[in-house]
$ cat work_21.cif   # mmCIF, C-alpha atoms
data_data
#
loop_
_atom_site.group_PDB
_atom_site.id
_atom_site.type_symbol
_atom_site.label_atom_id
_atom_site.label_comp_id
_atom_site.auth_asym_id
_atom_site.auth_seq_id
_atom_site.Cartn_x
_atom_site.Cartn_y
_atom_site.Cartn_z
ATOM 1 C CA MET P 680 0.000 0.000 0.000
ATOM 2 C CA LEU P 681 1.366 3.370 -1.009
ATOM 3 C CA PRO P 682 1.881 5.923 1.783
ATOM 4 C CA ALA P 683 -0.394 8.929 1.908
ATOM 5 C CA HIS P 684 0.715 12.134 0.237
ATOM 6 C CA SER P 685 1.496 15.037 2.549
ATOM 7 C CA TYR P 686 -1.706 16.879 1.604
ATOM 8 C CA GLN P 687 -3.723 13.733 2.356
ATOM 9 C CA THR P 688 -2.111 13.410 5.787
ATOM 10 C CA LYS P 689 -2.808 17.102 6.400
ATOM 11 C CA ALA P 690 -6.457 16.588 5.426
ATOM 12 C CA MET P 691 -6.780 13.587 7.736
ATOM 13 C CA ASP P 692 -5.300 15.541 10.639
ATOM 14 C CA PHE P 693 -7.741 18.371 9.962
ATOM 15 C CA ILE P 694 -10.735 15.996 9.952
ATOM 16 C CA LYS P 695 -9.612 14.308 13.168
ATOM 17 C CA LYS P 696 -9.256 17.701 14.842
ATOM 18 C CA HIS P 697 -12.470 19.318 13.574
ATOM 19 C CA HIS P 698 -14.611 16.239 12.742
ATOM 20 C CA SER P 699 -17.113 17.979 10.448
ATOM 21 C CA THR P 700 -15.200 18.875 7.282
ATOM 22 C CA TYR P 701 -15.716 19.722 3.637
ATOM 23 C CA LEU P 702 -13.014 18.274 1.364
ATOM 24 C CA MET P 703 -13.062 20.406 -1.778
ATOM 25 C CA VAL P 704 -10.454 18.441 -3.698
ATOM 26 C CA ASP P 705 -10.087 17.926 -7.434
ATOM 27 C CA MET P 706 -10.941 14.547 -8.952
ATOM 28 C CA GLY P 707 -8.148 12.007 -8.753
ATOM 29 C CA LEU P 708 -6.424 13.459 -5.684
ATOM 30 C CA GLY P 709 -7.674 10.876 -3.222
ATOM 31 C CA LYS P 710 -10.766 12.204 -1.457
ATOM 32 C CA THR P 711 -12.055 8.659 -0.937
ATOM 33 C CA LYS P 712 -8.735 7.438 0.450
ATOM 34 C CA ILE P 713 -8.631 10.358 2.892
ATOM 35 C CA ALA P 714 -12.170 9.541 4.042
ATOM 36 C CA LEU P 715 -11.501 5.811 4.456
ATOM 37 C CA ASP P 716 -8.174 6.262 6.234
ATOM 38 C CA THR P 717 -9.780 8.729 8.641
ATOM 39 C CA LEU P 718 -12.682 6.350 9.254
ATOM 40 C CA ALA P 719 -10.129 3.665 10.151
ATOM 41 C CA THR P 720 -8.916 5.791 13.075
ATOM 42 C CA THR P 721 -12.401 5.663 14.652
ATOM 43 C CA ASN P 722 -14.587 2.820 15.881
ATOM 44 C CA LEU P 723 -17.683 4.211 14.185
ATOM 45 C CA PRO P 724 -19.839 2.546 11.550
ATOM 46 C CA CYS P 725 -20.080 4.570 8.366
ATOM 47 C CA LEU P 726 -22.969 5.679 6.185
ATOM 48 C CA VAL P 727 -21.949 6.807 2.693
ATOM 49 C CA PHE P 728 -24.398 8.712 0.492
ATOM 50 C CA SER P 729 -23.222 8.508 -3.091
ATOM 51 C CA PRO P 730 -24.352 8.766 -6.711
ATOM 52 C CA LEU P 731 -25.204 5.356 -8.143
ATOM 53 C CA ARG P 732 -22.123 4.643 -10.253
ATOM 54 C CA PRO P 733 -19.569 5.497 -7.540
ATOM 55 C CA ALA P 734 -21.659 3.449 -5.077
ATOM 56 C CA TYR P 735 -21.114 0.338 -7.191
ATOM 57 C CA THR P 736 -17.623 1.012 -8.530
ATOM 58 C CA THR P 737 -15.548 3.712 -6.822
ATOM 59 C CA TRP P 738 -16.364 2.906 -3.201
ATOM 60 C CA PRO P 739 -15.955 -0.900 -3.407
ATOM 61 C CA ASP P 740 -12.742 -0.469 -5.430
ATOM 62 C CA GLU P 741 -11.306 2.083 -3.016
ATOM 63 C CA ILE P 742 -12.247 0.044 0.056
ATOM 64 C CA GLY P 743 -10.497 -2.962 -1.484
ATOM 65 C CA LYS P 744 -7.446 -0.857 -2.285
ATOM 66 C CA TRP P 745 -7.005 1.125 0.919
ATOM 67 C CA GLN P 746 -9.023 -0.543 3.727
ATOM 68 C CA ARG P 747 -9.655 -4.109 2.617
ATOM 69 C CA ASP P 748 -10.462 -5.275 6.150
ATOM 70 C CA MET P 749 -13.509 -2.993 6.283
ATOM 71 C CA SER P 750 -16.733 -4.818 5.505
ATOM 72 C CA TYR P 751 -19.338 -3.008 3.421
ATOM 73 C CA THR P 752 -22.701 -3.451 1.776
ATOM 74 C CA ILE P 753 -24.536 -1.539 -0.939
ATOM 75 C CA LEU P 754 -28.113 -0.564 -0.108
ATOM 76 C CA HIS P 755 -29.520 -0.648 -3.608
ATOM 77 C CA GLY P 756 -31.319 -3.078 -5.879
ATOM 78 C CA ASP P 757 -33.265 -6.249 -5.155
ATOM 79 C CA LYS P 758 -31.168 -7.215 -2.114
ATOM 80 C CA LYS P 759 -31.241 -3.881 -0.333
ATOM 81 C CA ASN P 760 -33.671 -5.061 2.378
ATOM 82 C CA VAL P 761 -31.460 -8.085 3.104
ATOM 83 C CA ASN P 762 -28.301 -5.976 3.036
ATOM 84 C CA LEU P 763 -29.882 -3.485 5.427
ATOM 85 C CA ARG P 764 -29.945 -6.164 8.144
ATOM 86 C CA ARG P 765 -26.298 -7.097 7.719
ATOM 87 C CA ASP P 766 -23.819 -5.933 10.328
ATOM 88 C CA LYS P 767 -21.234 -4.061 8.266
ATOM 89 C CA ARG P 768 -18.723 -1.312 8.902
ATOM 90 C CA ILE P 769 -19.789 0.693 5.846
ATOM 91 C CA TYR P 770 -23.264 1.095 4.364
ATOM 92 C CA ILE P 771 -23.269 2.655 0.881
ATOM 93 C CA LEU P 772 -26.523 4.266 -0.204
ATOM 94 C CA ASN P 773 -27.442 5.849 -3.510
ATOM 95 C CA TYR P 774 -29.013 9.309 -3.091
ATOM 96 C CA GLN P 775 -32.078 8.147 -5.015
ATOM 97 C CA GLY P 776 -32.603 5.452 -2.375
ATOM 98 C CA LEU P 777 -32.905 7.974 0.431
ATOM 99 C CA LYS P 778 -36.703 7.771 0.690
ATOM 100 C CA TRP P 779 -36.538 3.988 1.113
ATOM 101 C CA PHE P 780 -33.786 4.316 3.741
ATOM 102 C CA TYR P 781 -35.646 7.080 5.563
ATOM 103 C CA ASN P 782 -38.762 4.893 5.805
ATOM 104 C CA ALA P 783 -36.657 1.935 6.969
ATOM 105 C CA CYS P 784 -35.287 4.067 9.801
ATOM 106 C CA LEU P 785 -38.761 5.308 10.774
ATOM 107 C CA GLN P 786 -40.084 1.739 10.810
ATOM 108 C CA GLY P 787 -37.211 0.475 12.954
ATOM 109 C CA ARG P 788 -35.742 -1.788 10.260
ATOM 110 C CA PHE P 789 -32.299 -0.200 10.595
ATOM 111 C CA LYS P 790 -30.425 -0.301 13.892
ATOM 112 C CA PRO P 791 -30.077 3.271 15.196
ATOM 113 C CA ARG P 792 -26.440 4.140 15.826
ATOM 114 C CA ARG P 793 -24.176 7.123 15.527
ATOM 115 C CA PHE P 794 -22.588 7.007 12.088
ATOM 116 C CA PHE P 795 -19.544 8.550 10.501
ATOM 117 C CA VAL P 796 -21.438 10.152 7.597
ATOM 118 C CA ILE P 797 -19.940 10.827 4.182
ATOM 119 C CA PHE P 798 -21.728 12.806 1.495
ATOM 120 C CA ASP P 799 -19.902 11.908 -1.717
ATOM 121 C CA GLU P 800 -20.496 14.512 -4.422
ATOM 122 C CA SER P 801 -22.256 16.591 -1.799
ATOM 123 C CA THR P 802 -23.721 18.956 -4.393
ATOM 124 C CA PHE P 803 -26.497 16.344 -4.534
ATOM 125 C CA ILE P 804 -27.716 17.914 -1.271
ATOM 126 C CA LYS P 805 -27.286 21.565 -2.300
ATOM 127 C CA SER P 806 -30.974 22.492 -2.455
ATOM 128 C CA PRO P 807 -32.731 23.174 0.873
ATOM 129 C CA SER P 808 -36.184 23.094 -0.758
ATOM 130 C CA THR P 809 -36.077 19.409 -1.745
ATOM 131 C CA LYS P 810 -37.557 16.374 -0.016
ATOM 132 C CA ARG P 811 -34.019 14.966 0.007
ATOM 133 C CA PHE P 812 -32.842 17.818 2.228
ATOM 134 C CA LYS P 813 -35.819 17.472 4.567
ATOM 135 C CA MET P 814 -35.381 13.712 4.971
ATOM 136 C CA LEU P 815 -31.672 14.087 5.677
ATOM 137 C CA ARG P 816 -32.402 16.802 8.227
ATOM 138 C CA SER P 817 -34.732 14.370 10.020
ATOM 139 C CA LEU P 818 -31.968 11.745 10.021
ATOM 140 C CA ARG P 819 -29.440 14.013 11.760
ATOM 141 C CA PRO P 820 -29.872 12.228 15.139
ATOM 142 C CA ILE P 821 -28.035 9.197 13.721
ATOM 143 C CA PHE P 822 -25.114 11.333 12.491
ATOM 144 C CA SER P 823 -22.050 11.372 14.709
ATOM 145 C CA GLY P 824 -19.804 14.406 14.964
ATOM 146 C CA TYR P 825 -17.843 13.010 12.035
ATOM 147 C CA ARG P 826 -19.573 14.393 8.931
ATOM 148 C CA LEU P 827 -17.647 14.666 5.717
ATOM 149 C CA ASN P 828 -18.568 16.339 2.429
ATOM 150 C CA LEU P 829 -16.608 15.382 -0.678
ATOM 151 C CA SER P 830 -16.671 17.352 -3.924
ATOM 152 C CA GLY P 831 -14.415 18.745 -6.591
ATOM 153 C CA THR P 832 -17.106 21.231 -7.668
ATOM 154 C CA PRO P 833 -18.696 22.506 -4.434
ATOM 155 C CA SER P 834 -20.701 25.385 -5.914
ATOM 156 C CA PRO P 835 -21.511 24.598 -9.560
ATOM 157 C CA ASN P 836 -24.221 27.253 -9.878
ATOM 158 C CA GLY P 837 -22.820 29.836 -7.477
ATOM 159 C CA LEU P 838 -21.895 30.245 -3.826
ATOM 160 C CA ASN P 839 -25.560 30.085 -2.837
ATOM 161 C CA ASP P 840 -25.234 26.294 -3.358
ATOM 162 C CA LEU P 841 -23.089 26.015 -0.234
ATOM 163 C CA TRP P 842 -25.631 26.644 2.510
ATOM 164 C CA ALA P 843 -27.376 23.250 2.539
ATOM 165 C CA GLN P 844 -24.086 21.386 2.236
ATOM 166 C CA TYR P 845 -22.641 23.194 5.236
ATOM 167 C CA TYR P 846 -25.872 22.814 7.187
ATOM 168 C CA PHE P 847 -25.291 19.058 7.373
ATOM 169 C CA LEU P 848 -21.824 19.672 8.715
ATOM 170 C CA ASP P 849 -22.602 22.099 11.515
ATOM 171 C CA GLY P 850 -26.372 22.567 11.811
ATOM 172 C CA GLY P 851 -26.213 26.170 10.616
ATOM 173 C CA LYS P 852 -23.470 27.503 12.913
ATOM 174 C CA ARG P 853 -21.286 28.937 10.161
ATOM 175 C CA LEU P 854 -23.737 30.123 7.514
ATOM 176 C CA GLY P 855 -26.961 30.618 9.473
ATOM 177 C CA ASN P 856 -29.853 28.481 10.652
ATOM 178 C CA THR P 857 -31.866 28.960 7.478
ATOM 179 C CA TYR P 858 -31.070 29.418 3.817
ATOM 180 C CA TYR P 859 -32.850 32.786 3.849
ATOM 181 C CA GLN P 860 -30.627 34.077 6.654
ATOM 182 C CA PHE P 861 -27.621 33.030 4.588
ATOM 183 C CA ARG P 862 -28.985 34.583 1.403
ATOM 184 C CA ASP P 863 -29.927 37.876 3.034
ATOM 185 C CA ARG P 864 -26.621 38.194 4.853
ATOM 186 C CA TYR P 865 -24.232 37.385 2.029
ATOM 187 C CA PHE P 866 -26.055 38.236 -1.209
ATOM 188 C CA PHE P 867 -27.998 40.903 -2.964
ATOM 189 C CA TYR P 868 -30.965 38.902 -4.234
ATOM 190 C CA SER P 869 -32.807 40.357 -7.215
ATOM 191 C CA GLY P 870 -35.104 37.436 -7.988
ATOM 192 C CA TYR P 871 -34.448 33.909 -9.184
ATOM 193 C CA PRO P 872 -31.885 32.962 -10.304
ATOM 194 C CA ARG P 873 -29.749 36.087 -9.955
ATOM 195 C CA TYR P 874 -27.443 36.449 -6.940
ATOM 196 C CA GLU P 875 -24.617 38.875 -6.357
ATOM 197 C CA MET P 876 -22.206 38.753 -3.454
ATOM 198 C CA ALA P 877 -22.749 41.454 -0.828
ATOM 199 C CA LEU P 878 -19.178 42.612 -0.329
#

$ encode --input "work_21.cif" --output "C-alpha cells"
Amino acid sequence: MLPAHSYQTKAMDFIKKHHSTYLMVDMGLGKTKIALDTLATTNLPCLVFSPLRPAYTTWPDEIGKWQRDMSYTILHGDKKNVNLRRDKRIYILNYQGLKWFYNACLQGRFKPRRFFVIFDESTFIKSPSTKRFKMLRSLRPIFSGYRLNLSGTPSPNGLNDLWAQYYFLDGGKRLGNTYYQFRDRYFFYSGYPRYEMAL
C-alpha cells in the first residue's frame, strides 16, 4: 500500500481535529482514500451517500485498495432489504434510495447508531427546498460528529449552493440556521436565479 501524500495526511489531521469537514479536492487526488483512512482511526460505523455509479464502482474499489479489512454493503437493488440487516462497517446508499432508507429508519428496520457520515459529491444535497434535504435533516440524530462532504465542484451554480451542504456539517453555525438568513446576509438577491455577493 502506497503511503499517503502530505496533503492527504494534512487533510486527515484536519478531519480528526475538527470532525465535520468539507473536502473540496479535485478529482483524482484521493478524497475517498482520505475519508476511508480517517474512518479507520475511529470505531464508528459509516454511512456513505453517493451517486449510483460510484456506489457500485468507486467505493468498493477504493475500500479494497485502501481498507480491505472494512466490511461493506450496498443498499440498492433487489437485495437492499437483506443488506440493510447485515452488520457491516460501511453502508453505501445511492441518493435516489434515500426515501426507502428514511422509511426503513422510521419503521425500525435499521439499527439506530451514531454514524460517521460521508456525502460523496455533496452537491447532490445543495438544495434546501427538496424532499431529500428534509429527509436528511430528520436523520441528523443518527449522524455522529464526524460528517464529511466530498466534492471537486462545491458550488456549480454559485456560492448560494453552499448553505445546505454546510448545514449538514454544523447545523447552521457557520452560515446561518436557514437558507434565507444566509442569502440575506451574504447576497444581494434580485429574484431567481440572480445572486450577487454582498461585499

$ closest_residue --input "work_21.cif" --among "P:Leu772, P:Cys784, P:Leu708, P:Ile742" --to "Ser685 (chain P)" --atoms "all atoms listed in the file"
P:Leu708

$ resolve_selection --input "work_21.cif" --expression "the PyMOL selection byres ((chain P and resi 840) around 10)" --output "count of residues only"
18

$ atom_distance --input "work_21.cif" --atom1 "CA of Leu818 (chain P)" --atom2 "CA of Ser699 (chain P)"
16.1 Å

$ residues_near_point --input "work_21.cif" --point "(-16.7, 3.3, 4.4)" --cutoff "8 Å" --atoms "only C-alpha atoms" --output "ChimeraX atom specification"
/P:714-715,718,724-727,738,742,749,751,768-771

$ closest_residue --input "work_21.cif" --among "P:Arg853, P:Arg826, P:Arg864, P:Phe728" --to "His697 (chain P)" --atoms "all atoms listed in the file"
P:Arg826

$ resolve_selection --input "work_21.cif" --expression "the PyMOL selection byres ((chain P and resi 822) around 8)" --output "list in words"
Arg793, Phe794, Phe795, Val796, Leu818, Arg819, Pro820, Ile821, Ser823, Gly824, Tyr825 and Arg826 of chain P

$ residues_around --input "work_21.cif" --residues "Asn762 (chain P)" --least-positions-apart "5" --cutoff "8 Å" --atoms "all atoms listed in the file" --output "compact mmCIF listing (two decimals) with C-alpha atoms, in the coordinates of the input"
# COMPACT_ATOMS: atom_id res chain seq x y z
CA THR P 752 -22.70 -3.45 1.78
CA ILE P 753 -24.54 -1.54 -0.94
CA LEU P 754 -28.11 -0.56 -0.11

$ build_atoms --input "work_21.cif" --residues "region 829-848 of chain P" --atoms "N, CA, C and O atoms" --output "compact mmCIF listing (two decimals), in the coordinates of the input"
# COMPACT_ATOMS: atom_id res chain seq x y z
N LEU P 829 -17.64 15.56 0.33
CA LEU P 829 -16.61 15.38 -0.68
C LEU P 829 -17.10 15.96 -2.00
O LEU P 829 -18.18 15.60 -2.46
N SER P 830 -16.31 16.84 -2.61
CA SER P 830 -16.67 17.35 -3.92
C SER P 830 -15.49 18.08 -4.54
O SER P 830 -14.72 18.74 -3.84
N GLY P 831 -15.38 17.95 -5.86
CA GLY P 831 -14.42 18.74 -6.59
C GLY P 831 -15.04 20.01 -7.17
O GLY P 831 -14.34 20.90 -7.63
N THR P 832 -16.36 20.07 -7.14
CA THR P 832 -17.11 21.23 -7.67
C THR P 832 -18.17 21.63 -6.64
O THR P 832 -19.36 21.36 -6.83
N PRO P 833 -17.78 22.26 -5.55
CA PRO P 833 -18.70 22.51 -4.43
C PRO P 833 -19.82 23.48 -4.71
O PRO P 833 -20.85 23.43 -4.03
N SER P 834 -19.64 24.39 -5.66
CA SER P 834 -20.70 25.38 -5.91
C SER P 834 -20.88 25.56 -7.42
O SER P 834 -20.51 26.60 -7.97
N PRO P 835 -21.43 24.57 -8.10
CA PRO P 835 -21.51 24.60 -9.56
C PRO P 835 -22.35 25.73 -10.12
O PRO P 835 -22.10 26.20 -11.23
N ASN P 836 -23.35 26.19 -9.39
CA ASN P 836 -24.22 27.25 -9.88
C ASN P 836 -24.04 28.57 -9.13
O ASN P 836 -24.81 29.50 -9.31
N GLY P 837 -23.05 28.63 -8.26
CA GLY P 837 -22.82 29.84 -7.48
C GLY P 837 -22.66 29.51 -6.01
O GLY P 837 -22.98 28.40 -5.55
N LEU P 838 -22.17 30.47 -5.25
CA LEU P 838 -21.90 30.24 -3.83
C LEU P 838 -23.16 30.00 -3.01
O LEU P 838 -23.09 29.48 -1.89
N ASN P 839 -24.32 30.36 -3.55
CA ASN P 839 -25.56 30.08 -2.84
C ASN P 839 -25.81 28.59 -2.68
O ASN P 839 -26.62 28.17 -1.85
N ASP P 840 -25.09 27.75 -3.48
CA ASP P 840 -25.23 26.29 -3.36
C ASP P 840 -24.60 25.74 -2.09
O ASP P 840 -24.80 24.56 -1.76
N LEU P 841 -23.85 26.54 -1.36
CA LEU P 841 -23.09 26.02 -0.23
C LEU P 841 -23.90 25.85 1.05
O LEU P 841 -23.54 25.05 1.91
N TRP P 842 -24.97 26.62 1.20
CA TRP P 842 -25.63 26.64 2.51
C TRP P 842 -26.09 25.25 2.95
O TRP P 842 -25.77 24.82 4.07
N ALA P 843 -26.84 24.56 2.13
CA ALA P 843 -27.38 23.25 2.54
C ALA P 843 -26.26 22.26 2.82
O ALA P 843 -26.35 21.45 3.76
N GLN P 844 -25.20 22.31 2.02
CA GLN P 844 -24.09 21.39 2.24
C GLN P 844 -23.42 21.62 3.59
O GLN P 844 -23.10 20.68 4.32
N TYR P 845 -23.24 22.89 3.94
CA TYR P 845 -22.64 23.19 5.24
C TYR P 845 -23.61 22.95 6.40
O TYR P 845 -23.18 22.64 7.51
N TYR P 846 -24.90 23.07 6.12
CA TYR P 846 -25.87 22.81 7.19
C TYR P 846 -25.71 21.41 7.75
O TYR P 846 -25.83 21.20 8.96
N PHE P 847 -25.43 20.44 6.89
CA PHE P 847 -25.29 19.06 7.37
C PHE P 847 -23.96 18.82 8.07
O PHE P 847 -23.78 17.79 8.72
N LEU P 848 -23.07 19.77 7.96
CA LEU P 848 -21.82 19.67 8.72
C LEU P 848 -21.96 20.26 10.12
O LEU P 848 -21.45 19.69 11.08
